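Visitor: Coordinates in coords-v1.cif, mmCIF, C-alpha atoms, are listed below.
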```cif
data_query
#
loop_
_atom_site.label_atom_id
_atom_site.label_comp_id
_atom_site.auth_asym_id
_atom_site.auth_seq_id
_atom_site.Cartn_x
_atom_site.Cartn_y
_atom_site.Cartn_z
CA MET V 739 0.00 0.00 0.00
CA ASN V 740 1.31 3.37 -0.99
CA LEU V 741 2.18 5.99 1.61
CA THR V 742 0.16 8.70 -0.14
CA LEU V 743 -2.91 6.49 -0.17
CA ILE V 744 -2.55 5.74 3.55
CA LEU V 745 -2.19 9.47 4.27
CA PHE V 746 -5.23 10.17 2.13
CA LEU V 747 -7.36 7.58 3.93
CA ILE V 748 -6.39 8.90 7.39
CA LEU V 749 -7.11 12.47 6.31
CA ALA V 750 -10.42 11.44 4.77
CA ALA V 751 -11.43 9.74 8.02
CA VAL V 752 -10.49 12.85 10.03
CA ALA V 753 -12.34 15.15 7.60
CA VAL V 754 -15.55 13.12 7.69
CA ALA V 755 -15.35 12.58 11.46
CA SER V 756 -14.88 16.30 12.12
CA ALA V 757 -17.82 17.07 9.83
CA ILE V 758 -19.95 14.64 11.86
CA GLY V 759 -18.63 16.30 15.03
CA LEU V 760 -19.75 19.68 13.70
CA LEU V 761 -23.17 18.17 13.07
CA VAL V 762 -23.77 16.55 16.44
CA SER V 763 -22.00 18.78 18.97
CA ARG V 764 -24.45 20.63 21.21
CA ASN V 765 -22.06 23.48 21.93
CA ALA V 766 -21.48 25.94 19.08
CA VAL V 767 -17.88 26.57 20.17
CA TYR V 768 -17.08 22.87 19.83
CA ALA V 769 -18.77 22.90 16.42
CA ALA V 770 -16.53 25.79 15.34
CA LEU V 771 -13.40 23.97 16.55
CA PHE V 772 -14.45 20.81 14.67
CA LEU V 773 -14.84 22.96 11.58
CA VAL V 774 -11.31 24.35 12.05
CA LEU V 775 -10.01 20.77 12.16
CA ASN V 776 -11.95 20.00 8.99
CA PHE V 777 -10.48 23.04 7.21
CA ALA V 778 -6.98 22.01 8.24
CA THR V 779 -7.39 18.49 6.86
CA VAL V 780 -8.84 19.87 3.64
CA ALA V 781 -5.79 22.16 3.40
CA VAL V 782 -3.59 19.06 3.50
CA PHE V 783 -5.76 17.56 0.74
CA TYR V 784 -4.99 20.66 -1.32
CA LEU V 785 -1.27 20.12 -0.72
CA LEU V 786 -1.65 16.51 -1.89
CA LEU V 787 -3.42 17.82 -5.00
CA GLY V 788 -0.48 20.08 -5.82
CA ALA V 789 -2.08 23.41 -4.90
CA PRO V 790 0.17 24.87 -2.18
CA PHE V 791 -1.06 28.45 -2.64
CA ILE V 792 -4.71 27.46 -2.22
CA ALA V 793 -3.76 25.33 0.80
CA LEU V 794 -2.11 28.27 2.54
CA ALA V 795 -4.97 30.58 1.59
CA GLN V 796 -7.32 27.99 3.07
CA VAL V 797 -5.44 28.04 6.38
CA THR V 798 -5.19 31.82 6.61
CA VAL V 799 -8.57 32.83 5.20
CA TYR V 800 -10.83 29.98 6.33
CA ALA V 801 -9.24 28.47 9.43
CA GLY V 802 -7.81 31.83 10.43
CA ALA V 803 -10.00 34.80 9.56
CA ILE V 804 -13.45 33.30 9.03
CA MET V 805 -13.39 30.96 12.01
CA VAL V 806 -12.05 33.67 14.33
CA LEU V 807 -14.99 35.82 13.21
CA PHE V 808 -17.34 32.92 13.96
CA LEU V 809 -15.89 32.29 17.43
CA PHE V 810 -15.96 36.01 18.14
CA VAL V 811 -19.66 36.27 17.31
CA ILE V 812 -20.51 33.07 19.22
CA MET V 813 -18.83 34.42 22.33
CA LEU V 814 -20.19 37.94 21.81
CA LEU V 815 -23.76 36.69 21.70
CA GLY V 816 -23.26 33.97 24.31
CA ALA V 817 -24.97 31.67 21.84
CA GLU V 818 -22.90 28.57 22.44
CA LYS V 819 -25.86 26.74 23.92
CA LEU V 820 -29.40 27.34 22.79
CA PRO V 821 -32.31 26.20 24.93
CA ARG V 822 -33.97 23.18 23.38
CA ALA V 823 -36.79 24.59 21.27
CA VAL V 824 -39.79 22.68 20.08
CA GLY V 825 -39.31 22.36 16.36
CA LEU V 826 -41.27 20.33 13.90
CA PRO V 827 -41.19 16.74 15.18
CA TRP V 828 -40.93 15.12 11.76
CA GLN V 829 -38.17 17.42 10.50
CA ARG V 830 -35.15 15.54 11.84
CA PRO V 831 -36.08 12.01 10.65
CA LEU V 832 -37.11 13.41 7.27
CA ALA V 833 -33.82 15.29 6.93
CA ILE V 834 -31.81 12.19 7.81
CA ALA V 835 -33.81 10.08 5.35
CA LEU V 836 -33.21 12.65 2.59
CA ALA V 837 -29.49 12.75 3.40
CA VAL V 838 -29.33 8.95 3.19
CA ILE V 839 -31.05 9.06 -0.20
CA LEU V 840 -28.58 11.73 -1.38
CA THR V 841 -25.66 9.60 -0.18
CA GLY V 842 -27.06 6.64 -2.09
CA GLU V 843 -27.32 8.74 -5.23
CA ALA V 844 -23.75 9.98 -4.84
CA VAL V 845 -22.42 6.45 -4.32
CA PHE V 846 -24.43 5.19 -7.29
CA LEU V 847 -23.09 7.94 -9.54
CA LEU V 848 -19.51 7.42 -8.43
CA VAL V 849 -19.72 3.66 -8.95
CA GLN V 850 -21.66 3.96 -12.19
CA ARG V 851 -19.66 6.69 -13.89
CA LEU V 852 -16.19 5.94 -12.59
CA LYS V 853 -16.10 2.17 -12.70
CA ILE V 854 -12.41 2.26 -13.48
CA PRO V 855 -10.79 4.45 -10.84
CA VAL V 856 -9.46 7.46 -12.73
CA LEU V 857 -5.89 8.07 -11.69
CA LEU V 858 -4.88 11.65 -11.13
CA ALA V 859 -2.71 13.02 -13.89
CA ASN V 860 0.93 13.63 -13.18
CA PRO V 861 1.42 17.32 -12.57
CA GLY V 862 2.60 18.83 -15.81
CA PRO V 863 5.16 21.63 -15.92
CA GLU V 864 2.29 24.06 -15.38
CA LEU V 865 1.16 22.47 -12.12
CA ASN V 866 4.58 21.89 -10.62
CA SER V 867 5.25 23.42 -7.18
CA THR V 868 7.01 26.77 -7.68
CA ALA V 869 5.86 27.26 -11.25
CA THR V 870 2.26 26.88 -10.03
CA LEU V 871 2.24 30.18 -8.21
CA GLN V 872 3.62 32.06 -11.22
CA SER V 873 1.16 30.57 -13.68
CA LEU V 874 -1.68 31.04 -11.18
CA ALA V 875 -0.80 34.71 -10.79
CA SER V 876 -0.47 35.32 -14.51
CA ALA V 877 -3.81 33.60 -15.19
CA LEU V 878 -5.46 35.56 -12.37
CA PHE V 879 -4.17 38.94 -13.51
CA ASN V 880 -4.58 38.44 -17.26
CA GLN V 881 -7.36 36.10 -18.19
CA TYR V 882 -9.40 36.56 -15.00
CA LEU V 883 -8.66 40.22 -14.30
CA LEU V 884 -12.29 41.37 -14.50
CA PRO V 885 -13.62 38.76 -12.02
CA PHE V 886 -10.73 39.66 -9.73
CA GLU V 887 -11.69 43.33 -9.75
CA VAL V 888 -15.37 42.48 -9.28
CA THR V 889 -14.34 40.45 -6.24
CA SER V 890 -12.77 43.52 -4.68
CA VAL V 891 -16.02 45.45 -5.18
CA LEU V 892 -17.91 42.53 -3.59
CA LEU V 893 -15.66 42.58 -0.54
CA LEU V 894 -16.05 46.35 -0.22
CA VAL V 895 -19.84 46.06 -0.40
CA ALA V 896 -19.82 43.28 2.21
CA MET V 897 -17.66 45.36 4.52
CA ILE V 898 -19.84 48.47 4.18
CA GLY V 899 -22.97 46.36 4.62
CA ALA V 900 -21.70 44.74 7.80
CA ILE V 901 -20.70 48.10 9.27
CA VAL V 902 -23.96 49.85 8.34
CA MET V 903 -26.13 47.00 9.63
CA THR V 904 -24.47 46.66 13.01
CA LYS V 905 -24.09 50.40 13.62
CA ARG V 906 -26.25 51.57 16.49
CA GLU V 907 -28.64 54.44 15.82
CA LYS V 908 -28.27 57.48 18.01
CA GLY V 909 -30.03 57.01 21.33
CA GLU V 910 -30.88 53.37 20.60
CA GLN V 911 -30.92 51.05 23.56
CA GLY V 912 -29.18 47.81 23.28
CA MET E 583 3.27 9.17 -6.07
CA ASN E 584 -0.15 9.74 -7.63
CA VAL E 585 -2.03 6.67 -6.60
CA VAL E 586 -5.07 8.27 -5.04
CA PRO E 587 -7.84 8.01 -7.65
CA LEU E 588 -10.00 10.99 -8.51
CA SER E 589 -13.09 9.11 -7.40
CA TYR E 590 -11.78 8.93 -3.81
CA TYR E 591 -11.49 12.70 -3.65
CA LEU E 592 -14.96 13.05 -5.14
CA GLY E 593 -16.29 10.59 -2.55
CA VAL E 594 -14.87 12.58 0.36
CA SER E 595 -16.17 15.78 -1.20
CA ALA E 596 -19.64 14.30 -1.64
CA LEU E 597 -19.71 13.03 1.96
CA MET E 598 -18.68 16.42 3.32
CA PHE E 599 -21.31 18.15 1.19
CA ILE E 600 -24.05 15.79 2.38
CA LEU E 601 -23.07 16.27 6.02
CA GLY E 602 -23.16 20.04 5.49
CA ALA E 603 -26.61 19.86 3.92
CA LEU E 604 -27.80 17.69 6.80
CA GLY E 605 -26.45 20.28 9.24
CA VAL E 606 -28.42 23.03 7.51
CA LEU E 607 -31.57 20.89 7.72
CA ILE E 608 -31.45 19.70 11.33
CA ARG E 609 -29.66 22.35 13.39
CA ARG E 610 -31.55 25.22 15.02
CA ASN E 611 -28.62 27.52 15.75
CA PRO E 612 -28.05 29.90 12.80
CA LEU E 613 -24.32 30.04 13.59
CA VAL E 614 -24.05 26.27 13.16
CA ILE E 615 -26.14 26.53 9.99
CA PHE E 616 -23.61 29.05 8.66
CA MET E 617 -20.76 26.72 9.54
CA SER E 618 -22.51 23.92 7.65
CA ILE E 619 -22.75 26.19 4.61
CA GLU E 620 -19.00 26.79 4.88
CA LEU E 621 -18.52 23.02 5.00
CA MET E 622 -20.51 22.64 1.78
CA LEU E 623 -18.48 25.37 0.05
CA ASN E 624 -15.33 23.60 1.18
CA ALA E 625 -16.53 20.29 -0.25
CA ALA E 626 -17.19 22.01 -3.57
CA ASN E 627 -13.69 23.51 -3.45
CA LEU E 628 -12.19 20.07 -2.90
CA ALA E 629 -14.02 18.72 -5.94
CA PHE E 630 -12.83 21.71 -7.99
CA LEU E 631 -9.20 21.11 -7.06
CA ALA E 632 -9.43 17.35 -7.64
CA PHE E 633 -10.78 17.93 -11.14
CA SER E 634 -8.23 20.70 -11.72
CA ARG E 635 -5.45 18.23 -10.91
CA SER E 636 -7.08 15.44 -12.87
CA PHE E 637 -7.39 17.45 -16.08
CA ASN E 638 -4.16 19.35 -15.44
CA VAL E 639 -5.65 22.83 -15.78
CA LEU E 640 -5.29 25.81 -13.48
CA THR E 641 -8.81 27.19 -13.86
CA GLY E 642 -10.07 25.11 -10.95
CA GLN E 643 -7.59 26.71 -8.58
CA ILE E 644 -8.62 30.19 -9.68
CA PHE E 645 -12.26 29.33 -9.17
CA VAL E 646 -11.49 28.07 -5.66
CA PHE E 647 -9.82 31.41 -5.00
CA PHE E 648 -13.03 33.25 -5.98
CA VAL E 649 -15.20 30.88 -3.94
CA MET E 650 -13.09 31.66 -0.87
CA THR E 651 -13.54 35.39 -1.39
CA VAL E 652 -17.28 35.07 -1.80
CA ALA E 653 -17.44 32.89 1.33
CA ALA E 654 -15.60 35.55 3.32
CA ALA E 655 -18.00 38.26 2.14
CA GLU E 656 -20.99 36.03 2.86
CA VAL E 657 -19.81 35.29 6.39
CA ALA E 658 -19.25 38.96 7.16
CA VAL E 659 -22.77 39.94 6.06
CA GLY E 660 -24.42 36.86 7.59
CA LEU E 661 -22.82 37.32 10.99
CA ALA E 662 -23.80 41.00 10.96
CA LEU E 663 -27.40 39.92 10.29
CA ILE E 664 -27.27 37.44 13.17
CA VAL E 665 -25.93 40.14 15.50
CA ILE E 666 -28.76 42.58 14.69
CA ILE E 667 -31.39 39.83 14.96
CA PHE E 668 -30.00 38.95 18.37
CA ARG E 669 -30.12 42.62 19.34
CA THR E 670 -33.81 42.98 18.48
CA LYS E 671 -35.15 39.57 19.55
CA HIS E 672 -32.61 38.56 22.24
CA ASN E 673 -32.63 35.05 20.81
CA ILE E 674 -31.24 33.61 17.61
CA ASP E 675 -33.15 30.34 17.33
CA VAL E 676 -34.23 30.04 13.69
CA ASP E 677 -37.69 28.86 14.71
CA ILE E 678 -38.33 32.23 16.39
CA MET E 679 -37.57 34.24 13.25
CA SER E 680 -41.07 33.92 11.84
CA SER E 681 -42.16 37.57 11.70
CA LEU E 682 -42.54 37.45 7.92
CA LYS E 683 -45.04 34.59 8.15
CA GLY E 684 -48.31 35.59 6.45
#
```
For the file at hand, write its structure as structure tokens.
Guide:
Amino acid sequence: MNLTLILFLILAAVAVASAIGLLVSRNAVYAALFLVLNFATVAVFYLLLGAPFIALAQVTVYAGAIMVLFLFVIMLLGAEKLPRAVGLPWQRPLAIALAVILTGEAVFLLVQRLKIPVLLANPGPELNSTATLQSLASALFNQYLLPFEVTSVLLLVAMIGAIVMTKREKGEQG
Amino acid sequence: MNVVPLSYYLGVSALMFILGALGVLIRRNPLVIFMSIELMLNAANLAFLAFSRSFNVLTGQIFVFFVMTVAAAEVAVGLALIVIIFRTKHNIDVDIMSSLKG
């Protein structure tokens, strides 16, 4: 058995287990920490797939910035534990049944379409470690320049929106 | 070196996506629902990168980059919404947010 395959299987088990942990943990802080673990394992998947830049961006942006924001809001609101509310009684079993059906469909498609396991291509010169970053940057700033600029506008709008929404009006209690 | 088949990556991605969807359906805490959405975006990113490697093109990586940016913007706005809902209702259970019901 190959070392890469063993590493992949361990990482896959950790990723799925941390996703289940996110799903079942009662405390929102624990859920957030499970999600951080999941992001870290996915970052290692990205490294295995020959995308070191995306892996590091994953760690800094997702596991760093976004999850810190989440933990900050959870602790700000004191919302780590919600009182058990009476929801719809049939919602949970129905959701689980639908998820099982979706899993069955995914397994069916994977088995049906990819009967012969498709091996990943060897990284060409374009996808090889240090050259990756250069070709990624040149693609991002030439071919995809317009989407890149639109992204900056999107981030600006999100920032302004968040500030305007959470700003207290004068004299408002809270 | 490259012995992990594409279908394995797609399987992990599909499992993570399904768990995220299940989290959106069964959890009552909007913060956990948001985290489940992030999990689903992450699963999609993993599939993107697996295909990008499989077909030896860089476009998948660039798309993942954009997905990350959109996720960051979405989280900022969503968490701001949760904060103001908490400020007005003093509770963030999704079952309580039913003021728009006809």
Visitor: Around region 605-617 of chain E, with edges along x, y and z and 6 Å added on all six sides, what centre and edge lengths do you get, in Å to one decimal, as JSON?
Guide:
```
{"center_x": -26.2, "center_y": 24.9, "center_z": 11.6, "size_x": 22.8, "size_y": 22.3, "size_z": 20.2}
```
Visitor: At a cut-off of 7 Å, which residues of chain E touch chain V? Count only C-alpha atoms and give the answer as an MDAnalysis selection string.
Guide: chainID E and resid 583:589 594 596 598 600:601 604:605 607:608 614 631:632 635:638 640 644 654:655 658:659 662 666 669 677
Visitor: I'd like the interatomic distance between CA of Asn627 (chain E) and CA of Val646 (chain E), to a tenth of an Å.
Guide: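 Here the two named atoms are 5.5 Å from each other.
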Visitor: Suppose you want the space between CA of Phe599 (chain E) and CA of Val665 (chain E); what is it in Å?
Guide: 26.6 Å
Visitor: One decimal, in Å: what's the spacing between CA of Ala625 (chain E) and CA of Leu592 (chain E)?
Guide: 8.9 Å
Visitor: Go through E:Pro612, E:Val606, E:Met679, E:Leu597 one by one, measure the shortest atom-to-atom distance of each to Leu661 (chain E) using all atoms listed in the file, and give the residue with the smallest value.
Guide: E:Pro612
